[in-house]
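Structure file input.cif; described as mmCIF, C-alpha atoms and all ligand atoms.
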data_target
#
loop_
_atom_site.label_atom_id
_atom_site.label_comp_id
_atom_site.auth_asym_id
_atom_site.auth_seq_id
_atom_site.Cartn_x
_atom_site.Cartn_y
_atom_site.Cartn_z
CA MET A 95 -5.82 -17.85 -50.71
CA PRO A 96 -6.73 -14.20 -50.01
CA VAL A 97 -4.62 -11.67 -51.91
CA THR A 98 -5.78 -8.84 -49.65
CA PRO A 99 -5.53 -8.78 -45.85
CA ALA A 100 -8.47 -9.88 -43.65
CA PHE A 101 -8.03 -6.69 -41.65
CA ASP A 102 -7.17 -3.18 -42.86
CA ALA A 103 -3.47 -3.03 -43.73
CA LYS A 104 -3.20 -0.06 -41.32
CA VAL A 105 -3.92 -2.38 -38.39
CA HIS A 106 -0.81 -4.40 -39.14
CA LYS A 107 1.26 -1.29 -39.88
CA ALA A 108 0.49 0.14 -36.44
CA ARG A 109 1.65 -3.12 -34.86
CA ARG A 110 4.87 -3.14 -36.90
CA ASP A 111 5.55 0.46 -35.92
CA GLU A 112 5.19 -0.47 -32.26
CA VAL A 113 7.47 -3.49 -32.68
CA LEU A 114 10.08 -1.30 -34.42
CA ARG A 115 9.83 1.26 -31.62
CA ARG A 116 10.51 -1.42 -29.02
CA MET A 117 13.32 -2.91 -31.11
CA ARG A 118 15.00 0.52 -31.15
CA GLU A 119 14.57 0.72 -27.40
CA MET A 120 16.16 -2.71 -26.82
CA ALA A 121 18.85 -2.30 -29.47
CA PRO A 122 19.71 1.38 -30.07
CA THR A 123 22.66 0.49 -32.33
CA GLY A 124 20.39 -1.13 -34.92
CA ALA A 125 18.29 -4.25 -35.17
CA VAL A 126 16.59 -6.48 -37.68
CA ALA A 127 13.80 -8.95 -36.94
CA VAL A 128 12.99 -12.01 -39.07
CA PHE A 129 9.59 -13.77 -39.03
CA PRO A 130 9.33 -16.87 -41.24
CA GLY A 131 6.01 -18.37 -42.34
CA MET A 132 4.66 -21.68 -41.13
CA PRO A 133 5.93 -24.51 -43.35
CA VAL A 134 3.36 -26.42 -45.42
CA ALA A 135 2.56 -29.77 -43.77
CA THR A 136 2.06 -32.95 -45.75
CA ARG A 137 -0.98 -34.97 -44.72
CA ASN A 138 -0.19 -38.00 -46.86
CA SER A 139 1.39 -38.58 -50.25
CA ASP A 140 0.68 -35.45 -52.33
CA VAL A 141 -2.12 -34.22 -50.03
CA GLU A 142 -1.35 -31.23 -47.83
CA HIS A 143 -3.00 -30.09 -44.61
CA PRO A 144 -5.03 -26.91 -45.17
CA TYR A 145 -2.58 -24.05 -44.88
CA ARG A 146 -2.81 -21.77 -41.87
CA ALA A 147 -0.43 -18.81 -41.57
CA ASP A 148 2.01 -18.42 -38.68
CA SER A 149 0.36 -16.35 -35.94
CA ASP A 150 3.23 -13.86 -35.42
CA LEU A 151 3.62 -13.30 -39.15
CA PHE A 152 -0.13 -12.85 -39.57
CA PHE A 153 -0.31 -10.49 -36.59
CA LEU A 154 2.36 -8.24 -38.11
CA THR A 155 1.45 -8.42 -41.80
CA GLY A 156 -1.98 -9.96 -42.42
CA PHE A 157 -0.22 -12.05 -45.08
CA GLU A 158 -1.47 -15.64 -45.29
CA GLU A 159 0.34 -17.27 -48.21
CA PRO A 160 2.86 -20.07 -47.60
CA GLU A 161 6.62 -19.45 -47.89
CA ALA A 162 6.45 -15.81 -46.78
CA VAL A 163 9.19 -14.22 -44.67
CA ALA A 164 8.72 -10.80 -43.05
CA VAL A 165 11.70 -8.68 -42.05
CA LEU A 166 11.60 -5.55 -39.89
CA SER A 167 14.62 -3.27 -39.77
CA THR A 168 15.28 -0.23 -37.60
CA GLN A 169 17.85 1.01 -40.12
CA GLY A 170 17.43 2.58 -43.52
CA GLU A 171 14.40 3.87 -45.35
CA LYS A 172 12.62 0.54 -45.75
CA PRO A 173 11.61 -0.84 -42.36
CA PHE A 174 9.30 -3.58 -43.72
CA THR A 175 10.48 -6.16 -46.24
CA LEU A 176 8.30 -9.06 -47.35
CA PHE A 177 9.54 -12.13 -49.21
CA VAL A 178 6.69 -13.80 -51.11
CA ARG A 179 5.98 -16.44 -53.73
CA PRO A 180 6.13 -14.91 -57.22
CA ARG A 181 3.07 -14.52 -59.42
CA ASP A 182 2.89 -17.63 -61.58
CA LYS A 183 0.08 -17.98 -64.11
CA GLU A 184 0.39 -21.75 -64.35
CA ARG A 185 0.58 -22.40 -60.58
CA GLU A 186 -2.19 -19.91 -59.85
CA ILE A 187 -4.55 -21.82 -62.16
CA TRP A 188 -3.92 -24.93 -60.06
CA ASN A 189 -3.56 -23.52 -56.55
CA GLY A 190 -5.15 -20.09 -56.39
CA ARG A 191 -4.14 -16.48 -56.69
CA ARG A 192 -0.99 -15.00 -55.25
CA ALA A 193 -0.32 -11.43 -54.19
CA GLY A 194 3.18 -11.53 -55.67
CA VAL A 195 5.85 -8.90 -55.15
CA GLU A 196 3.56 -6.16 -56.43
CA GLY A 197 0.65 -7.14 -54.17
CA ALA A 198 2.97 -7.39 -51.15
CA VAL A 199 3.77 -3.69 -51.60
CA LYS A 200 0.38 -2.48 -52.81
CA SER A 201 -2.04 -4.46 -50.63
CA PHE A 202 0.10 -5.39 -47.62
CA GLY A 203 2.12 -2.22 -47.22
CA ALA A 204 5.62 -3.66 -47.64
CA ASP A 205 8.29 -0.99 -48.19
CA GLN A 206 10.00 -3.48 -50.46
CA ALA A 207 9.27 -7.03 -51.52
CA PHE A 208 11.29 -9.83 -53.10
CA GLU A 209 10.45 -13.18 -54.55
CA VAL A 210 11.16 -15.79 -51.91
CA GLY A 211 13.68 -17.40 -54.29
CA LYS A 212 15.91 -14.38 -53.60
CA LEU A 213 15.95 -15.03 -49.84
CA ASP A 214 19.50 -16.43 -49.61
CA GLU A 215 20.77 -13.46 -51.59
CA GLU A 216 18.80 -10.60 -50.01
CA LEU A 217 18.23 -11.64 -46.39
CA PRO A 218 21.95 -11.71 -45.43
CA LYS A 219 22.26 -8.09 -46.64
CA LEU A 220 19.43 -7.06 -44.33
CA ILE A 221 20.76 -9.07 -41.38
CA GLY A 222 24.37 -7.99 -41.87
CA ALA A 223 23.39 -4.33 -41.53
CA ALA A 224 22.35 -4.72 -37.87
CA ARG A 225 24.21 -5.58 -34.68
CA THR A 226 21.16 -7.24 -33.08
CA LEU A 227 19.11 -9.98 -34.75
CA PHE A 228 15.64 -10.69 -33.42
CA TYR A 229 14.83 -14.28 -34.37
CA ARG A 230 13.05 -17.01 -32.46
CA PHE A 231 15.31 -20.04 -32.79
CA GLY A 232 13.52 -23.24 -31.90
CA GLY A 233 10.22 -22.14 -33.42
CA ASP A 234 7.99 -24.18 -35.70
CA ASP A 235 10.44 -24.53 -38.60
CA PRO A 236 13.80 -26.19 -37.80
CA ASP A 237 14.78 -25.97 -41.48
CA PHE A 238 14.55 -22.19 -41.35
CA ASP A 239 16.68 -22.20 -38.18
CA SER A 240 19.49 -23.95 -40.03
CA ARG A 241 19.06 -21.81 -43.12
CA LEU A 242 19.43 -18.68 -41.03
CA GLY A 243 22.36 -20.27 -39.19
CA ARG A 244 24.11 -20.80 -42.54
CA MET A 245 23.52 -17.15 -43.45
CA LEU A 246 25.06 -16.00 -40.18
CA ARG A 247 28.02 -18.32 -40.73
CA SER A 248 28.70 -16.99 -44.20
CA LEU A 249 28.46 -13.39 -42.95
CA ARG A 250 31.02 -14.16 -40.23
CA MET A 251 33.34 -15.81 -42.78
CA ARG A 252 33.42 -12.55 -44.71
CA ALA A 253 34.54 -10.45 -41.71
CA ARG A 254 37.94 -9.80 -43.36
CA ALA A 255 36.16 -8.19 -46.31
CA GLY A 256 34.56 -5.75 -43.91
CA ILE A 257 31.19 -7.58 -43.80
CA ASP A 258 29.51 -7.62 -40.40
CA ALA A 259 27.30 -10.16 -38.71
CA PRO A 260 24.98 -9.45 -35.76
CA THR A 261 26.68 -10.05 -32.43
CA ARG A 262 23.52 -10.42 -30.38
CA ILE A 263 20.45 -12.57 -30.92
CA GLU A 264 17.17 -11.82 -29.13
CA ASP A 265 13.80 -13.57 -29.09
CA PRO A 266 11.27 -11.30 -30.85
CA GLY A 267 8.60 -12.99 -28.71
CA GLN A 268 9.66 -10.62 -25.93
CA ILE A 269 8.11 -7.85 -28.00
CA VAL A 270 5.50 -9.43 -30.29
CA HIS A 271 4.06 -11.84 -27.73
CA GLU A 272 3.63 -9.06 -25.19
CA LEU A 273 1.64 -7.15 -27.82
CA ARG A 274 -0.43 -10.22 -28.70
CA LEU A 275 -1.20 -10.83 -25.03
CA ARG A 276 -3.10 -7.54 -24.62
CA LYS A 277 -5.90 -7.62 -27.15
CA GLU A 278 -6.86 -4.57 -29.20
CA PRO A 279 -10.60 -3.78 -29.62
CA LEU A 280 -10.50 -5.25 -33.16
CA GLU A 281 -9.08 -8.51 -31.79
CA ILE A 282 -11.76 -8.67 -29.10
CA ASP A 283 -14.45 -8.11 -31.75
CA THR A 284 -12.94 -10.93 -33.80
CA LEU A 285 -12.86 -13.21 -30.76
CA ARG A 286 -16.54 -12.40 -30.21
CA LYS A 287 -17.25 -13.57 -33.78
CA ALA A 288 -15.42 -16.82 -33.06
CA VAL A 289 -17.41 -17.16 -29.83
CA GLU A 290 -20.75 -16.66 -31.61
CA LEU A 291 -19.96 -19.39 -34.16
CA THR A 292 -18.83 -21.57 -31.27
CA ARG A 293 -22.10 -20.92 -29.43
CA ARG A 294 -24.10 -22.00 -32.49
CA GLY A 295 -22.03 -25.18 -32.78
CA HIS A 296 -22.39 -26.19 -29.13
CA VAL A 297 -26.12 -25.41 -29.03
CA ALA A 298 -26.71 -27.38 -32.26
CA ALA A 299 -24.77 -30.33 -30.82
CA MET A 300 -26.82 -30.22 -27.60
CA LYS A 301 -30.03 -30.30 -29.66
CA THR A 302 -28.81 -33.16 -31.84
CA GLY A 303 -27.25 -35.37 -29.19
CA ARG A 304 -29.33 -38.17 -27.66
CA PRO A 305 -28.95 -41.87 -26.97
CA GLY A 306 -28.49 -43.67 -30.27
CA THR A 307 -26.56 -40.86 -31.96
CA ASN A 308 -22.80 -41.05 -32.45
CA GLU A 309 -19.94 -38.71 -31.55
CA TYR A 310 -19.26 -38.24 -35.28
CA GLU A 311 -22.72 -36.77 -35.83
CA LEU A 312 -22.09 -34.19 -33.12
CA HIS A 313 -18.65 -33.45 -34.59
CA ALA A 314 -20.29 -32.87 -38.00
CA VAL A 315 -22.88 -30.53 -36.48
CA LEU A 316 -20.11 -28.48 -34.85
CA GLU A 317 -18.13 -28.18 -38.06
CA ARG A 318 -21.22 -27.16 -40.00
CA GLU A 319 -21.92 -24.26 -37.66
CA PHE A 320 -18.27 -23.22 -37.43
CA ARG A 321 -18.14 -22.89 -41.23
CA HIS A 322 -21.68 -21.89 -42.05
CA GLY A 323 -21.50 -18.49 -40.36
CA GLY A 324 -18.36 -17.53 -42.28
CA GLY A 325 -15.69 -18.90 -39.95
CA ARG A 326 -12.60 -20.76 -41.05
CA GLY A 327 -13.60 -23.95 -39.24
CA TRP A 328 -12.21 -25.11 -35.92
CA GLY A 329 -9.24 -23.44 -34.21
CA TYR A 330 -8.13 -26.79 -32.78
CA TYR A 331 -9.36 -30.31 -33.45
CA PRO A 332 -12.66 -30.84 -31.56
CA ILE A 333 -13.00 -33.28 -28.69
CA VAL A 334 -16.40 -35.00 -28.78
CA ALA A 335 -16.42 -37.50 -25.93
CA ALA A 336 -19.41 -39.53 -24.75
CA GLY A 337 -19.45 -41.42 -21.45
CA GLU A 338 -16.09 -42.54 -20.13
CA ASN A 339 -14.32 -41.13 -23.21
CA ALA A 340 -14.70 -37.79 -21.41
CA THR A 341 -12.16 -38.95 -18.82
CA VAL A 342 -9.48 -39.10 -21.57
CA LEU A 343 -8.28 -35.50 -21.65
CA HIS A 344 -7.29 -35.25 -25.32
CA TYR A 345 -9.71 -37.84 -26.72
CA ASN A 346 -10.43 -37.14 -30.38
CA ASP A 347 -11.47 -40.38 -32.09
CA ASN A 348 -14.98 -38.89 -32.14
CA ARG A 349 -16.66 -42.03 -33.42
CA ALA A 350 -18.22 -43.84 -30.47
CA PRO A 351 -21.95 -44.26 -29.85
CA VAL A 352 -23.76 -42.00 -27.39
CA ARG A 353 -25.63 -44.17 -24.89
CA GLU A 354 -28.53 -43.73 -22.52
CA GLY A 355 -27.51 -42.11 -19.24
CA GLU A 356 -24.13 -40.87 -20.48
CA LEU A 357 -22.69 -37.40 -20.31
CA VAL A 358 -21.29 -35.86 -23.50
CA LEU A 359 -18.23 -33.62 -23.19
CA ILE A 360 -17.47 -31.35 -26.16
CA ASP A 361 -14.35 -29.19 -26.22
CA ALA A 362 -14.51 -27.24 -29.49
CA GLY A 363 -13.94 -23.70 -30.70
CA ALA A 364 -14.48 -21.96 -34.03
CA GLU A 365 -11.84 -19.82 -35.70
CA ALA A 366 -12.74 -16.41 -37.16
CA ASP A 367 -10.00 -14.60 -39.09
CA LEU A 368 -7.43 -16.79 -37.33
CA TYR A 369 -8.67 -16.01 -33.80
CA THR A 370 -10.08 -19.00 -31.97
CA ALA A 371 -12.57 -19.55 -29.19
CA ASP A 372 -11.96 -22.43 -26.76
CA VAL A 373 -15.10 -23.74 -25.10
CA THR A 374 -16.07 -26.93 -23.30
CA ARG A 375 -19.57 -27.94 -22.34
CA THR A 376 -20.75 -31.18 -20.75
CA TRP A 377 -24.38 -32.29 -20.91
CA PRO A 378 -26.59 -35.33 -20.38
CA ALA A 379 -27.42 -37.32 -23.52
CA SER A 380 -30.88 -38.09 -22.11
CA GLY A 381 -31.70 -34.45 -21.37
CA LYS A 382 -31.48 -34.82 -17.59
CA PHE A 383 -28.52 -35.20 -15.23
CA SER A 384 -28.63 -38.19 -12.87
CA PRO A 385 -28.26 -37.16 -9.20
CA SER A 386 -24.56 -38.19 -9.19
CA GLN A 387 -23.86 -36.45 -12.48
CA ARG A 388 -25.62 -33.34 -11.27
CA ALA A 389 -23.60 -33.25 -8.04
CA CYS A 390 -20.33 -33.55 -10.00
CA TYR A 391 -21.45 -30.98 -12.57
CA GLN A 392 -22.54 -28.46 -9.96
CA LEU A 393 -19.18 -28.82 -8.22
CA VAL A 394 -17.25 -28.02 -11.42
CA LEU A 395 -19.65 -25.15 -12.16
CA ASP A 396 -19.14 -23.73 -8.65
CA ALA A 397 -15.37 -23.80 -9.19
CA ALA A 398 -15.75 -22.08 -12.58
CA ASP A 399 -18.11 -19.42 -11.24
CA ALA A 400 -15.84 -18.64 -8.28
CA CYS A 401 -12.84 -18.20 -10.57
CA ILE A 402 -14.79 -16.04 -13.02
CA ALA A 403 -16.17 -13.88 -10.21
CA ALA A 404 -12.66 -13.32 -8.85
CA THR A 405 -11.24 -12.24 -12.24
CA ARG A 406 -10.14 -8.62 -12.25
CA PRO A 407 -6.95 -6.64 -12.95
CA GLY A 408 -4.29 -7.59 -10.41
CA GLU A 409 -5.58 -11.14 -9.84
CA THR A 410 -3.35 -13.93 -11.18
CA ILE A 411 -3.97 -17.12 -13.14
CA GLU A 412 -2.05 -18.89 -10.39
CA GLY A 413 -4.44 -17.47 -7.78
CA LEU A 414 -7.47 -18.58 -9.79
CA HIS A 415 -6.04 -22.08 -10.18
CA ASP A 416 -5.53 -22.32 -6.40
CA LYS A 417 -9.14 -21.24 -5.93
CA ALA A 418 -10.40 -23.91 -8.34
CA VAL A 419 -8.25 -26.59 -6.71
CA ARG A 420 -9.59 -25.75 -3.23
CA ILE A 421 -13.25 -25.86 -4.28
CA LEU A 422 -12.77 -29.05 -6.29
CA THR A 423 -10.83 -30.76 -3.48
CA GLU A 424 -13.50 -29.87 -0.91
CA GLY A 425 -16.07 -31.28 -3.34
CA MET A 426 -14.05 -34.47 -3.88
CA VAL A 427 -14.17 -35.08 -0.13
CA LYS A 428 -17.94 -34.48 -0.02
CA LEU A 429 -18.49 -36.80 -2.99
CA GLY A 430 -16.47 -39.54 -1.29
CA LEU A 431 -13.66 -39.48 -3.85
CA LEU A 432 -11.01 -38.39 -1.35
CA ARG A 433 -10.74 -38.79 2.41
CA GLY A 434 -8.89 -36.57 4.82
CA ASP A 435 -7.99 -32.98 5.55
CA VAL A 436 -8.52 -30.64 2.58
CA ASP A 437 -5.31 -28.65 3.19
CA ALA A 438 -3.27 -31.83 3.32
CA LEU A 439 -4.96 -33.24 0.20
CA ILE A 440 -4.06 -30.03 -1.65
CA LYS A 441 -0.51 -30.00 -0.32
CA ASP A 442 0.04 -33.64 -1.33
CA ASN A 443 -1.53 -33.09 -4.78
CA ALA A 444 -4.10 -35.82 -3.99
CA PHE A 445 -6.66 -33.86 -6.02
CA ARG A 446 -4.65 -34.59 -9.17
CA ARG A 447 -6.16 -38.05 -9.29
CA TYR A 448 -9.38 -36.33 -10.48
CA TYR A 449 -8.20 -32.90 -11.66
CA MET A 450 -4.88 -33.22 -13.44
CA HIS A 451 -4.62 -30.10 -15.63
CA ARG A 452 -4.22 -26.37 -15.07
CA THR A 453 -7.27 -24.10 -14.90
CA SER A 454 -6.31 -21.45 -17.46
CA HIS A 455 -4.28 -20.48 -20.51
CA TRP A 456 -4.05 -17.37 -22.66
CA LEU A 457 -6.30 -17.31 -25.73
CA GLY A 458 -6.13 -15.47 -29.06
CA LEU A 459 -4.62 -16.30 -32.44
CA ASP A 460 -3.38 -19.55 -30.88
CA VAL A 461 -5.61 -21.66 -28.69
CA HIS A 462 -2.79 -21.83 -26.15
CA ASP A 463 -1.83 -18.27 -26.90
CA VAL A 464 1.55 -16.66 -26.41
CA GLY A 465 2.59 -14.53 -23.44
CA ASN A 466 4.52 -15.15 -20.26
CA TYR A 467 2.67 -16.51 -17.24
CA ARG A 468 5.25 -15.08 -14.86
CA THR A 469 6.86 -11.70 -14.35
CA PRO A 470 10.58 -11.35 -15.14
CA ASP A 471 11.37 -12.01 -11.47
CA GLY A 472 9.39 -15.25 -11.50
CA GLN A 473 6.20 -14.11 -9.76
CA PRO A 474 2.68 -15.00 -11.00
CA ARG A 475 1.74 -12.33 -13.50
CA PRO A 476 -1.05 -9.88 -12.56
CA LEU A 477 -3.95 -9.79 -15.02
CA GLU A 478 -4.45 -6.59 -17.02
CA PRO A 479 -7.38 -5.22 -19.01
CA GLY A 480 -7.38 -6.65 -22.55
CA MET A 481 -5.99 -10.04 -21.63
CA VAL A 482 -8.15 -13.01 -22.67
CA PHE A 483 -7.79 -16.42 -21.08
CA THR A 484 -9.77 -19.57 -20.35
CA ILE A 485 -11.23 -20.79 -17.08
CA GLU A 486 -11.73 -24.53 -17.38
CA PRO A 487 -12.03 -26.57 -14.20
CA GLY A 488 -12.92 -30.24 -14.57
CA LEU A 489 -13.46 -33.52 -12.77
CA TYR A 490 -12.42 -36.83 -14.32
CA ILE A 491 -13.17 -40.15 -12.63
CA ALA A 492 -11.72 -43.11 -14.49
CA SER A 493 -14.13 -45.98 -15.10
CA ASP A 494 -11.73 -48.43 -13.43
CA ASP A 495 -11.06 -46.25 -10.36
CA ASP A 496 -11.87 -48.71 -7.57
CA GLN A 497 -11.30 -45.98 -4.98
CA ALA A 498 -14.29 -43.99 -6.30
CA PRO A 499 -17.94 -44.65 -5.37
CA PRO A 500 -19.24 -46.96 -8.16
CA GLU A 501 -21.94 -44.50 -9.30
CA LEU A 502 -19.27 -41.83 -10.02
CA ARG A 503 -16.95 -44.01 -12.11
CA GLY A 504 -16.63 -43.02 -15.76
CA ILE A 505 -17.87 -39.46 -15.20
CA GLY A 506 -15.82 -36.79 -16.99
CA ILE A 507 -16.81 -33.12 -16.78
CA ARG A 508 -15.19 -29.91 -17.91
CA ILE A 509 -16.72 -26.45 -18.19
CA GLU A 510 -14.57 -23.98 -20.09
CA ASP A 511 -15.25 -20.31 -20.71
CA ASP A 512 -13.30 -17.52 -22.41
CA ILE A 513 -12.79 -14.54 -20.15
CA LEU A 514 -11.78 -11.00 -21.09
CA VAL A 515 -10.18 -8.94 -18.33
CA THR A 516 -11.74 -5.46 -18.22
CA ALA A 517 -10.91 -2.36 -16.19
CA GLN A 518 -13.93 -3.09 -13.97
CA GLY A 519 -13.33 -6.82 -13.66
CA HIS A 520 -14.18 -9.27 -16.40
CA ASP A 521 -16.45 -10.15 -19.29
CA ASN A 522 -17.30 -13.81 -19.77
CA LEU A 523 -17.37 -13.86 -23.59
CA THR A 524 -18.94 -17.34 -23.64
CA ARG A 525 -21.65 -16.81 -21.01
CA ASP A 526 -24.43 -17.32 -23.58
CA ILE A 527 -23.40 -20.90 -24.28
CA PRO A 528 -25.66 -22.86 -21.88
CA ARG A 529 -23.76 -23.71 -18.68
CA THR A 530 -26.04 -23.87 -15.64
CA VAL A 531 -27.75 -27.20 -14.85
CA ALA A 532 -31.15 -25.76 -15.83
CA ASP A 533 -29.92 -24.11 -19.04
CA VAL A 534 -27.98 -27.18 -20.14
CA GLU A 535 -30.98 -29.47 -19.54
CA ALA A 536 -33.23 -27.06 -21.44
CA ALA A 537 -30.80 -26.83 -24.37
CA THR A 538 -30.62 -30.61 -24.79
CA SER A 539 -34.08 -30.81 -26.31
CA TYR A 540 -34.36 -34.61 -26.30
CA ARG A 541 -36.66 -36.06 -23.64
CA PRO A 542 -37.06 -39.81 -23.38
MN MN B 1 -8.59 -24.75 -23.22
#
Output the file's structure in the form of C-alpha cells.
Amino acid sequence: MPVTPAFDAKVHKARRDEVLRRMREMAPTGAVAVFPGMPVATRNSDVEHPYRADSDLFFLTGFEEPEAVAVLSTQGEKPFTLFVRPRDKEREIWNGRRAGVEGAVKSFGADQAFEVGKLDEELPKLIGAARTLFYRFGGDDPDFDSRLGRMLRSLRMRARAGIDAPTRIEDPGQIVHELRLRKEPLEIDTLRKAVELTRRGHVAAMKTGRPGTNEYELHAVLEREFRHGGGRGWGYYPIVAAGENATVLHYNDNRAPVREGELVLIDAGAEADLYTADVTRTWPASGKFSPSQRACYQLVLDAADACIAATRPGETIEGLHDKAVRILTEGMVKLGLLRGDVDALIKDNAFRRYYMHRTSHWLGLDVHDVGNYRTPDGQPRPLEPGMVFTIEPGLYIASDDDQAPPELRGIGIRIEDDILVTAQGHDNLTRDIPRTVADVEAATSYRP
C-alpha cells in the first residue's frame, strides 16, 4: 500500500480548496462534508479482493488505505481532517506499511488526523459544529450510512445540553462529481497512460488470437500488458467473447475456444493511477472478415465515426445516441434484419432487438464515471471541453434469432473509443488501437 500519494499532494489540496469554496457558497452558515473509504470486500473465507480506494476519497486526498474517512469543514482553522488506520508494527509486517496519523499530516496534507478508532468520538464533534452536512447517503457502504445516522441521532438527543446537529443534508456529489466530470490536464495525461497500456493489450490479443486458441489465453495477454507497463491491472473485469458469446453483453466467463470463422469481441481497459480506459475491439479470428461480418462491422464503424465526428462543445450525448441509432437502424434494414420505414422502426424501438444499450457514458476514475447526464431542468447536457466519455455503438444478432438472415446469426460487434471533448471539437484518445477493417485485419497477424 503506498504511504505517499500517487500525485503531488498539492493536486488534491487544490481540489479540496475548490470543494470548500463551493460548500461555503451552498451553505454560508457553515458546512462539513464526510467522505468514507470503500469497505474491504471478502472474496472467500479469509481472502480479500485487492483493495481499491473510493474514487471520491482518492480524488480529494490521494489516500488509498482501507478504513480512511476524510472530513472537510468550512469552519475553524482545520479544514481537512483525515481518519486513518494507526501505525502498527505487527500488522505492517503482515499487510504492508501504513501512513498512520503522522503520515496523513506530513505526506497527505491533513490539517489534523486521528486514528480511525476515534471516529465515533471525534466525528460527531466535527459534524455538530455545522448546520449543513454534505454526505452521500446510499453510497457504497450501508454500514457507514447507519453509523453516521447513529451519530446524528445522538447529537439530536443532546439538544437540551446545547449540542447542535446539522439541519440540512446535501449530496456532496453535486460538488465533487461536477469537478470530476471536467478533467484537469493531469487527469487527461493519466487517462492517456491507461489508454496506451490498453492499446498494448488489445494489439497483443489481436496478434495472439487465432482458431485453436482460447478466450483465457487472450485474457491473460491483456492482463500481462495492463500490468507490465506499470498499470494497476484492469479498471473493470475484461470481456473476452468469441463467436456468439459476443452477443451476450456482459459475458465474462472468458474460457471458451476460439474457432475458425468467428469474430472475437474484447471489451477491456487498463487502469493507471486509478483512472481507467474503456475500449472494445472486434476482429476476425482467422485474420479476415467474411463478407457478412465485414458488412456488419463497417456499419458499426460508420455509426462510431459519425458520432465521433459530431463531438464538439455544445453537442449532447443524447444527440450522439440518436445519430448512432439512426445509422444502425438504416443499416439493419439494408442487412435484412429489420423491414419497414426507418423513422417508424426508431420510434417503435425496433432497433433494440439488435442494439439494446446506450452509446455513451462518462469515463474517468470510474469506468461509468460520475456526473449528471441532464441539466438541472432535465435537458440533455451540452458537452464541454475536458469531459471524457465513450462512444460505443454495437450490433448483436442472437444465434437463435430466426428473423435474421442465417449468415448473420451469432454475430456480435462493438467498437468503443474514449473521446475527450476539446475547445475545437474532440480528441479520440484511443484512435491508435486498430479499428478500421484494413487496420484490424493487418493487426491480426494470423493467416490461415
Ligand atoms: Mn463502456
I want to know what sits within 7 Å of region 357-372 of chain A, based on all atoms listed in the file, with residues of the same chain fewer than 5 positions away left out; could you give that as a ChimeraX atom specification? /A:100,284-285,287-289,291-292,320,325-330,332-337,340,377-379,458-461,507,512
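For the residues A:Thr484, A:Thr516, A:Asn522, A:Asn348, ranking by smallest atom-to-atom distance to ligand MN 1 (chain B) using only C-alpha atoms and all ligand atoms places A:Thr484 first.
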Looking at A:Asp237, A:Glu161, A:Asp494, A:Asp533, which one is nearest to Leu213 (chain A), with distances taken over all atoms listed in the file? A:Glu161
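For the set A:Pro180, A:Val394, A:Ile440, A:Asp495, the residue with the smallest atom-to-atom gap to Gly425 (chain A) is A:Val394, counting all atoms listed in the file.
With all atoms listed in the file as the atoms that count, the residue of A:Arg420, A:Arg225, A:Arg388, A:His344 with the shortest distance to ligand MN 1 (chain B) is A:His344.
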Selected residue of minimal separation from ligand MN 1 (chain B) among A:Met251, A:Ala438, A:Leu343, A:Leu429, counting all atoms listed in the file: A:Leu343
Separation of CA of His271 (chain A) and CA of Gly413 (chain A), in Å? 22.4 Å
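Note that CA of Asp258 (chain A) and CA of Ser240 (chain A) are 19.2 Å apart.
Going from CA of Leu151 (chain A) to CA of Ala164 (chain A) covers 6.9 Å.
Among the candidates A:Ala398, A:Ile509, A:Leu217, A:Ala299, the residue lying nearest to ligand MN 1 (chain B) is A:Ile509 (atoms considered: all atoms listed in the file).
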Name the residues in contact with Gln387 (chain A) at a cut-off of 9 Å, using all atoms listed in the file, excluding same-chain residues fewer than 2 positions from it; report them as a PyMOL selection string. chain A and resi 357+378+383-385+389-392+501-502+505+507
Would you export the selected residues with C-alpha atoms as a compact mmCIF listing (two decimals), keeping the file's coordinate frame, please?
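The result, written out as again_13.txt:
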# COMPACT_ATOMS: atom_id res chain seq x y z
CA LEU A 357 -22.69 -37.40 -20.31
CA PRO A 378 -26.59 -35.33 -20.38
CA PHE A 383 -28.52 -35.20 -15.23
CA SER A 384 -28.63 -38.19 -12.87
CA PRO A 385 -28.26 -37.16 -9.20
CA ALA A 389 -23.60 -33.25 -8.04
CA CYS A 390 -20.33 -33.55 -10.00
CA TYR A 391 -21.45 -30.98 -12.57
CA GLN A 392 -22.54 -28.46 -9.96
CA GLU A 501 -21.94 -44.50 -9.30
CA LEU A 502 -19.27 -41.83 -10.02
CA ILE A 505 -17.87 -39.46 -15.20
CA ILE A 507 -16.81 -33.12 -16.78
Exercise: region 259-266 of chain A partners within 6 Å, only C-alpha atoms, chain neighbours under 5 positions left out, as a PyMOL selection string: chain A and resi 222+224-230+249-250
Within 12 Å of Leu439 (chain A) using all atoms listed in the file, minus same-chain residues under 6 positions, as an MDAnalysis selection string: chainID A and resid 419:427 431:433 445:448
Do a neighbour search on Pro122 (chain A) at 12 Å with all atoms listed in the file, toss out local chain neighbours closer than 2 positions, and write the hits as a PyMOL selection string. chain A and resi 114-120+124-126+167-169+224-226
